[in-house]
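Visitor: Before I ask anything, here is the structure I am working with.
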Amino acid sequence: NYYAVIMAGGVGTRFWPLSTQQFPKQFHDMLGTGESLIQKTFHRFENLIPTENILIATNKNYENLVLEQLPKTTKKQLLLEPAMRNTAPCILYSAFKIFNENPDGIMVVAPSDHWIENEQEFLNNIQTSFDFCADTDALLTLGIQPTNPNTGYGYINFTEAENSIKKVKNFTEKPNLEKAKQFLKSGDYLWNAGIFVWSVKSILNQFETHLPEMYLLFKNGITCYNSEKEETFIDESYPNSENISIDFGIMEKAPNVFVLPVNFDWNDLGTWGSLYNKLDKDKNENAFVGGDVIFRDSKNNIIRTQPGKRVVIQGLNDFIVVEKENVLLICPKDKEQEIKQITEEVKLKF
Ligand code: GDD
Ligand code: MG
């Protein structure tokens with residue numbers, strides 16, 4: 001009864017110029033380990049879930065990239081989106097597709113681009129969540145101990161309980177900085193890891209209540225899923241869906257949200273700075289991936305170049321330097337959030 005849905009439709013703009021619309025970050029070997037992030041995610045789930053029950057939700061444009069990188073997957077496992085509509089529609093589509101095959105299905109939904117260590121602990125947490133959701137009408141999310149007032153995450157306020165799994169009082173997606181600071185200070189909040197577990201029945205019920213139009217749009221295809229009619233139906237209907245994330249659309253509103261606090265080492269690899277934190281560093285806290293770098297009188301830099309590139313960094317502190325083909329980015333680490341806007345300017349200029 002277990003299924004996984006790996007969401008791999010994002011573009012990862014803050015990792016420009018490495019991550020691009022044509023080749024987003026989940027398909028890159030971000031840490032220089034020999035595997036891309038999506039390959040790592042897929043193999044992690046293979047330890048718990050039958051390979052044929054691991055589905056990949058992604059944009060149609062990335063079909064070939066997925067099939068190349070995950071040669072064990074067949075077309076049946078791919079949910080190909082003809083338009084970018086954020087995570088709610090892709091999750092609803094996957095829930096109907098699984099429901100159609102197995103109405104008792106329990107699914108885990110996970111991003112394709114996170115870094116997770118302590119694999120066994122992660123799998124134990126997922127198994128605990130599966131067991132819970134098999135007999136509770138619950139939307140369960142994994143909760144991470146927050147370390148800073150990051151405004152890019154969902155914040156979860158839960159009720160104290162003896163059990164490891166706790167009832168959620170409030171789910172606040174991407175609060176402003178003031179609120180995030182308040183949440184952090186109170187000590188009663190966890191970050192939403194963006195990894196969800198529920199039965200297909202439970203999530204479909206919540207969509208019916210909180211996003212009824214979207215629910216009907218996808219329900220119309222119930223006879224098409226897992227048949228040769230699926231692609232045509234999706235191509236025609238998907239672009240008509242509202243553009244909203246699961247967090248704003250469902251998690252903030254549903255009454256039956258639960259959280260399992262987890263302790264595995266988690267990093268959402270959202271920016272160059274978060275990648276820097278994960279990489280090995282020299283004694284001056286410099287990190288690099290790709291080329292051969294000599295650092296002189298420099299500290300706290302992250303350098304990513306093409307393999308074999310010889311780079312000398314002299315007298316530079318706290319910078320991101322990224323080279324890809326004919327593009328070079330040099331940006332102070334504390335301005336990394338601006339890379340998203342930079343990509344917009346780049347589109348207009350080049
Ligand atoms: N298939 C598909 N289609 N995948 C998508 C789409 C889409 O249209 N949009 C985004 N994704 C994928 C991304 O590739 C990523 O793996 C995942 O869905 C989450 O999307 P993000 O855009 O990265 O969300 P976020 O980081 O802003 O916020 C989410 O994750 C945080 C933790 O990293 C939320 O769930 C937050 O509450 C959470 O704290
Ligand atoms: Mg993210």
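Residue names in the structure tokens use chain letters A, B, ... in the order shown, residue numbers from 1 in each chain, and ligand numbers from 1 in the order shown.
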Give me, as a list of chain:residue names, all polymer residues having an atom no more than 8 Å from Tyr225 (chain A), counting only C-alpha atoms and skipping those fewer than 2 positions away in the same chain.

Guide: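 Residues near the query, excluding close chain neighbours: A:Phe96, A:Lys97, A:Asn100, A:Gly221, A:Ile222, A:Thr223, A:Ser227, A:Lys229, A:Glu230.
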
Visitor: Using only N, CA and C atoms, please write the residues we just selected to a file, as a short mmCIF file (atom, residue, chain, number, x, y, z; two decimals), in the first residue's frame.

Guide:
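Contents of part.cif, freshly written:
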data_model
loop_
_atom_site.label_atom_id
_atom_site.label_comp_id
_atom_site.auth_asym_id
_atom_site.auth_seq_id
_atom_site.Cartn_x
_atom_site.Cartn_y
_atom_site.Cartn_z
N PHE A 96 -5.00 11.28 -6.86
CA PHE A 96 -6.02 10.61 -7.69
C PHE A 96 -5.44 9.42 -8.45
N LYS A 97 -4.23 9.60 -8.95
CA LYS A 97 -3.60 8.53 -9.73
C LYS A 97 -3.37 7.30 -8.84
N ASN A 100 -6.77 5.70 -7.81
CA ASN A 100 -7.30 4.93 -8.93
C ASN A 100 -6.72 3.51 -8.97
N GLY A 221 -11.06 13.39 -14.18
CA GLY A 221 -10.19 12.48 -14.92
C GLY A 221 -10.13 11.08 -14.33
N ILE A 222 -10.99 10.80 -13.37
CA ILE A 222 -10.87 9.57 -12.60
C ILE A 222 -10.83 8.30 -13.49
N THR A 223 -11.52 8.35 -14.63
CA THR A 223 -11.49 7.16 -15.50
C THR A 223 -10.26 7.17 -16.42
N SER A 227 -4.35 5.11 -17.61
CA SER A 227 -4.75 4.55 -18.91
C SER A 227 -4.14 5.41 -20.01
N LYS A 229 -5.56 7.38 -21.77
CA LYS A 229 -6.24 8.68 -21.84
C LYS A 229 -5.65 9.71 -20.87
N GLU A 230 -4.77 9.25 -19.98
CA GLU A 230 -4.27 10.14 -18.92
C GLU A 230 -3.58 11.39 -19.49
#

Visitor: Quick one: pick out all strand (DSSP E) residues within region 53-242 of chain A from a backbone DSSP run and write them as a ChimeraX atom specification.

Guide: /A:54-59,78-81,106-111,115-116,139-144,154-158,166-173,189-199

Visitor: Those same residues, written as a compact mmCIF listing (two decimals), in the first residue's frame with C-alpha atoms?

Guide:
# COMPACT_ATOMS: atom_id res chain seq x y z
CA ILE A 54 7.80 5.57 -6.56
CA LEU A 55 6.28 8.28 -8.73
CA ILE A 56 8.01 11.38 -10.05
CA ALA A 57 5.99 14.56 -10.54
CA THR A 58 7.73 16.97 -12.83
CA ASN A 59 7.31 19.31 -15.74
CA LEU A 78 5.92 9.82 -14.31
CA LEU A 79 3.39 12.56 -13.69
CA LEU A 80 4.16 15.01 -16.45
CA GLU A 81 2.83 18.50 -15.91
CA ILE A 106 -0.66 5.62 1.83
CA MET A 107 1.73 8.09 0.29
CA VAL A 108 4.78 10.08 1.24
CA VAL A 109 5.35 13.28 -0.72
CA ALA A 110 8.89 14.57 -0.76
CA PRO A 111 10.93 17.23 -2.52
CA TRP A 115 19.97 16.81 1.54
CA ILE A 116 19.27 14.15 4.17
CA LEU A 139 -2.15 14.95 7.27
CA LEU A 140 1.26 14.36 8.75
CA THR A 141 4.37 16.42 8.19
CA LEU A 142 7.92 15.98 9.42
CA GLY A 143 9.10 18.78 11.71
CA ILE A 144 12.64 20.11 12.02
CA GLY A 154 6.51 26.77 7.04
CA TYR A 155 6.29 27.08 10.85
CA ILE A 156 4.38 24.51 12.89
CA ASN A 157 2.94 25.11 16.34
CA PHE A 158 1.95 21.84 18.04
CA LYS A 166 1.72 15.61 17.87
CA LYS A 167 -1.43 17.42 16.85
CA VAL A 168 -0.73 20.71 15.08
CA LYS A 169 -2.39 23.89 16.35
CA ASN A 170 -1.21 26.25 13.65
CA PHE A 171 0.66 25.96 10.41
CA THR A 172 2.06 29.26 9.13
CA GLU A 173 3.66 29.20 5.71
CA TYR A 189 7.54 25.89 16.70
CA LEU A 190 9.11 23.49 14.25
CA TRP A 191 9.99 24.03 10.61
CA ASN A 192 7.98 22.14 8.06
CA ALA A 193 10.44 19.87 6.25
CA GLY A 194 8.12 19.76 3.26
CA ILE A 195 7.89 15.96 3.57
CA PHE A 196 4.30 14.84 4.01
CA VAL A 197 2.59 11.50 4.73
CA TRP A 198 -1.14 10.70 4.44
CA SER A 199 -3.61 8.20 3.07

Visitor: Which residues are close to Val293 (chain A), i.e. within 7 Å by only C-alpha atoms, leaving aside same-chain residues fewer than 5 positions away? Reply as a PDB file with C-alpha atoms, in the first residue's frame.

Guide:
ATOM      1  CA  ARG A 310      42.395  25.944 -12.176  1.00  0.00           C
ATOM      2  CA  VAL A 311      41.337  28.807  -9.980  1.00  0.00           C
ATOM      3  CA  VAL A 312      43.310  31.116  -7.711  1.00  0.00           C
TER       4      VAL A 312
END

Visitor: Could you give me, as number ranges by chain, every polymer residue with an atom at most 10 Å away from an atom of ligand 2, counting only C-alpha atoms and all ligand atoms?

Guide: A: 10-12, 111-114, 152-153, 193-194, 267-271

Visitor: So which one's closest to Glu63 (chain A), A:Tyr93, A:Glu46, A:Ser245, A:Gln22? Using only C-alpha atoms, please.

Guide: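 The shortest atom-to-atom distance to Glu63 (chain A) comes from A:Gln22.
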
Visitor: Identify, on the basis of only C-alpha atoms, every residue whose closest approach to Leu211 (chain A) does not exceed 10 Å; exclude the query and any residue fewer than 5 positions from it along the same chain; express the result as a PyMOL selection string.

Guide: chain A and resi 88-89+92+204-206+216+242+244+249-250

Visitor: Show me, as a ChimeraX atom specification, the residues that have an atom within 12 Å of Ile320 (chain A) when counting only C-alpha atoms, minus same-chain residues fewer than 2 positions from it.

Guide: /A:14-17,271-276,286-289,299-305,313,316-318,322-323,328-337,339

Visitor: Where does DSSP see helix (DSSP H, G or I) in region 178-299 of chain A, if you list the residues as an MDAnalysis selection string?

Guide: chainID A and resid 178:186 200:210 212:219 230:240 246:251 272:278

Visitor: Residues of the last selection are to be written out with C-alpha atoms, as an mmCIF file, in the first residue's frame.

Guide:
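File selection27.cif, as written:
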data_model
loop_
_atom_site.group_PDB
_atom_site.id
_atom_site.type_symbol
_atom_site.label_atom_id
_atom_site.label_comp_id
_atom_site.auth_asym_id
_atom_site.auth_seq_id
_atom_site.Cartn_x
_atom_site.Cartn_y
_atom_site.Cartn_z
ATOM 1 C CA GLU A 178 9.083 39.628 12.679
ATOM 2 C CA LYS A 179 6.768 36.647 13.092
ATOM 3 C CA ALA A 180 9.535 34.161 12.334
ATOM 4 C CA LYS A 181 11.681 35.709 15.081
ATOM 5 C CA GLN A 182 8.740 35.499 17.481
ATOM 6 C CA PHE A 183 8.103 31.841 16.592
ATOM 7 C CA LEU A 184 11.765 30.969 17.057
ATOM 8 C CA LYS A 185 11.942 32.723 20.414
ATOM 9 C CA SER A 186 8.817 31.031 21.766
ATOM 10 C CA VAL A 200 -4.906 9.122 -0.371
ATOM 11 C CA LYS A 201 -8.400 9.185 1.127
ATOM 12 C CA SER A 202 -7.433 11.751 3.782
ATOM 13 C CA ILE A 203 -5.717 14.134 1.396
ATOM 14 C CA LEU A 204 -8.498 13.878 -1.199
ATOM 15 C CA ASN A 205 -11.035 14.779 1.519
ATOM 16 C CA GLN A 206 -9.114 17.895 2.465
ATOM 17 C CA PHE A 207 -8.789 18.983 -1.170
ATOM 18 C CA GLU A 208 -12.537 18.529 -1.599
ATOM 19 C CA THR A 209 -13.131 20.882 1.367
ATOM 20 C CA HIS A 210 -10.417 23.510 0.917
ATOM 21 C CA PRO A 212 -13.060 22.340 -4.236
ATOM 22 C CA GLU A 213 -12.595 23.668 -7.769
ATOM 23 C CA MET A 214 -9.218 22.058 -8.127
ATOM 24 C CA TYR A 215 -10.643 18.865 -6.644
ATOM 25 C CA LEU A 216 -13.408 18.700 -9.267
ATOM 26 C CA LEU A 217 -11.006 19.514 -12.093
ATOM 27 C CA PHE A 218 -8.881 16.469 -11.289
ATOM 28 C CA LYS A 219 -11.796 14.254 -10.238
ATOM 29 C CA GLU A 230 -4.275 10.142 -18.922
ATOM 30 C CA GLU A 231 -1.858 12.279 -20.946
ATOM 31 C CA THR A 232 -4.553 13.957 -23.040
ATOM 32 C CA PHE A 233 -6.692 14.621 -19.992
ATOM 33 C CA ILE A 234 -3.793 16.146 -18.071
ATOM 34 C CA ASP A 235 -2.575 18.212 -21.026
ATOM 35 C CA GLU A 236 -6.025 19.726 -21.348
ATOM 36 C CA SER A 237 -6.982 20.120 -17.696
ATOM 37 C CA TYR A 238 -3.791 20.778 -15.761
ATOM 38 C CA PRO A 239 -3.174 24.310 -17.068
ATOM 39 C CA ASN A 240 -6.669 25.291 -15.822
ATOM 40 C CA ILE A 246 0.115 22.633 -0.736
ATOM 41 C CA ASP A 247 1.235 24.684 2.266
ATOM 42 C CA PHE A 248 -0.978 27.705 1.570
ATOM 43 C CA GLY A 249 -3.752 25.698 -0.068
ATOM 44 C CA ILE A 250 -4.187 22.828 2.394
ATOM 45 C CA MET A 251 -1.753 22.684 5.323
ATOM 46 C CA TRP A 272 24.489 28.651 -2.194
ATOM 47 C CA GLY A 273 24.891 29.422 1.502
ATOM 48 C CA SER A 274 22.995 26.292 2.547
ATOM 49 C CA LEU A 275 25.163 24.223 0.199
ATOM 50 C CA TYR A 276 28.276 25.870 1.662
ATOM 51 C CA ASN A 277 27.184 24.692 5.113
ATOM 52 C CA LYS A 278 27.143 21.088 3.902
#

Visitor: Find the residue from A:Phe45, A:Trp266, A:Phe122, A:Phe258 that sits nearest to ligand 1; use only C-alpha atoms and all ligand atoms when measuring.

Guide: A:Trp266

Visitor: From the list A:Gln314, A:Thr136, A:Asn284, A:Asn86, which residue is nearest ligand 1 when using only C-alpha atoms and all ligand atoms?

Guide: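 Of the candidates, the smallest distance to ligand 1 is held by A:Asn86.
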
Visitor: Have a look at A:Thr74, A:Asn326, A:Asn61, A:Asn1 and name the one nearest to ligand 1; count only C-alpha atoms and all ligand atoms.

Guide: A:Asn61

Visitor: List as JSON, numbers by chain the protein and nucleic acid residues near Thr73 (chain A), meaning an atom at most 10 Å away when only C-alpha atoms are counted, but skip any in the same chain fewer than 3 places from it.

Guide: {"A": [42, 51, 52, 53, 54, 55, 56, 66, 67, 68, 69, 70, 76, 77, 78]}

Visitor: Just the selected residues (N, CA and C atoms), exported as a compact mmCIF listing (two decimals), in the first residue's frame, please.

Guide:
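What ended up in selection_34.txt:
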# COMPACT_ATOMS: atom_id res chain seq x y z
N PHE A 42 15.50 9.22 -4.86
CA PHE A 42 14.88 7.99 -5.38
C PHE A 42 15.47 6.76 -4.69
N THR A 51 9.93 -0.20 -6.06
CA THR A 51 10.36 0.77 -7.09
C THR A 51 9.21 1.25 -7.95
N GLU A 52 8.31 0.33 -8.31
CA GLU A 52 7.22 0.74 -9.23
C GLU A 52 6.20 1.65 -8.54
N ASN A 53 6.27 1.76 -7.21
CA ASN A 53 5.36 2.66 -6.49
C ASN A 53 6.00 4.01 -6.19
N ILE A 54 7.17 4.26 -6.75
CA ILE A 54 7.80 5.57 -6.56
C ILE A 54 7.51 6.41 -7.80
N LEU A 55 6.70 7.44 -7.61
CA LEU A 55 6.28 8.28 -8.73
C LEU A 55 7.08 9.58 -8.74
N ILE A 56 7.28 10.11 -9.93
CA ILE A 56 8.01 11.38 -10.05
C ILE A 56 7.07 12.40 -10.69
N VAL A 66 14.59 12.92 -16.43
CA VAL A 66 14.22 11.95 -15.40
C VAL A 66 14.51 10.53 -15.88
N LEU A 67 14.09 10.22 -17.08
CA LEU A 67 14.29 8.84 -17.58
C LEU A 67 15.78 8.50 -17.71
N GLU A 68 16.58 9.51 -18.07
CA GLU A 68 18.03 9.30 -18.17
C GLU A 68 18.64 9.05 -16.81
N GLN A 69 18.24 9.87 -15.84
CA GLN A 69 18.87 9.79 -14.52
C GLN A 69 18.31 8.65 -13.67
N LEU A 70 17.07 8.25 -13.94
CA LEU A 70 16.44 7.17 -13.18
C LEU A 70 16.01 6.08 -14.16
N LYS A 76 4.98 5.02 -16.80
CA LYS A 76 3.82 4.92 -15.91
C LYS A 76 4.06 5.61 -14.57
N GLN A 77 5.32 5.70 -14.16
CA GLN A 77 5.64 6.32 -12.87
C GLN A 77 5.80 7.83 -12.95
N LEU A 78 5.71 8.38 -14.17
CA LEU A 78 5.92 9.82 -14.31
C LEU A 78 4.60 10.57 -14.36

Visitor: In Å, rounded to a single decimal, give me how far CA of Ile91 (chain A) is from CA of Ser19 (chain A).

Guide: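 Going from CA of Ser19 (chain A) over to CA of Ile91 (chain A) covers 23.5 Å.
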
Visitor: Could you jot down the CA of Lys25 (chain A) to CA of Lys40 (chain A) separation for me, Å, one decimal place?

Guide: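 CA of Lys25 (chain A) sits 12.8 Å away from CA of Lys40 (chain A).
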
Visitor: Which residue, A:Lys60, A:Phe350, A:Phe99, A:Leu48, has the smallest gap to Asn226 (chain A) when you use only C-alpha atoms?

Guide: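 The closest residue to Asn226 (chain A) is A:Phe99.
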
Visitor: May I ask which of the residues A:Asn118, A:Phe27, A:Lys174, A:Pro71 is the closest one to ligand 1, counting only C-alpha atoms and all ligand atoms?

Guide: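 Ranking A:Asn118, A:Phe27, A:Lys174, A:Pro71 by distance to ligand 1, first place goes to A:Lys174.
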
Visitor: Just give me the gap between atom 27 (O, counted along the ligand's line) of ligand 1 and CA of Glu325 (chain A) in Å, one decimal is fine.

Guide: 27.6 Å
